[in-house]
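One structure below.
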Amino acid sequence: MRAHEVEIGATYQVRPQHDHGTLAWLFSGPDEFELTVTGAGAMLGEVSAVVGVRVIDRHNVSLPLPPEQARRMGLPPGVDYLVQGVLVDAASGALVSRPTMESVTVPVSWLFPVA
């Protein structure tokens with residue numbers, strides 16, 4: 001696909017190509033994914049790129065620790081704390097996935113129309 005063919009708001013299939021150096025390995029998750037374009041005209045080095053959002057399942061969570069709980073744990077006051085980890089089912093111990101939107105920038109040449 002070429003930059004002038006990309007439409008803002010349209011969803012495309014992203015197929016990472018390994019001919020752009022190490023860019024392809026930067027993406028965690030499946031090799032191919034859908035991306036809804038939110039901006040055009042970006043550059044990755046000398047390569048035309050687009051910015052968009054994708055939805056990916058994540059197990060990671062990050063929650064604020066309430067000040068009262070931090071105090072009960074003996075932590076210094078006046079600091080905002082976050083608890084970070086993975087979300088698991090308490091009964092089975094199985095990881096629980098939740099959909100998360102993330103913004104990514106990819107080369108235009110990786111975009112293909114959704115079939």
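Identifiers in this document derive from the order of the structure tokens: chains are assigned A, B, ..., residues are numbered from 1 separately in each chain, and ligands are numbered from 1 in order of occurrence.
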
Practice problem: Taking the DSSP assignment computed from this structure's backbone, write out as a ChimeraX atom specification all residues of chain A that belong to strand (DSSP E or B). | Solution: /A:11-14,33-44,47-58,60-65,81-86,88,95,98-107,111-113

Quiz item: Using only C-alpha atoms, which residues sit within 12 Å of A:Gln69 once same-chain residues fewer than 5 positions away are excluded, as a PyMOL selection string?
Solution: chain A and resi 64+74-77+80-83

Quiz item: Quick one: residues within 8 Å of stretch 104-115 of chain A, only C-alpha atoms counted, chain neighbours fewer than 6 positions away excluded, as an MDAnalysis selection string?
Solution: chainID A and resid 1:3 6 11:17 34 42:44 47:54

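Counting only C-alpha atoms and comparing A:Val86, A:Val37, A:Ala94, A:Ile8, the residue that lies closest to A:Val61 is A:Val86.
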
Quiz item: What is the atom CA of A:Asn60 to atom CA of A:Ser92 distance in Å?
Solution: 17.4 Å

Self-check item: Coordinates-based distance that separates atom CA of A:Thr100 from atom CA of A:Leu87 (Å, one decimal)
Solution: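 Result for atom CA of A:Leu87 versus atom CA of A:Thr100: 13.3 Å, one decimal.
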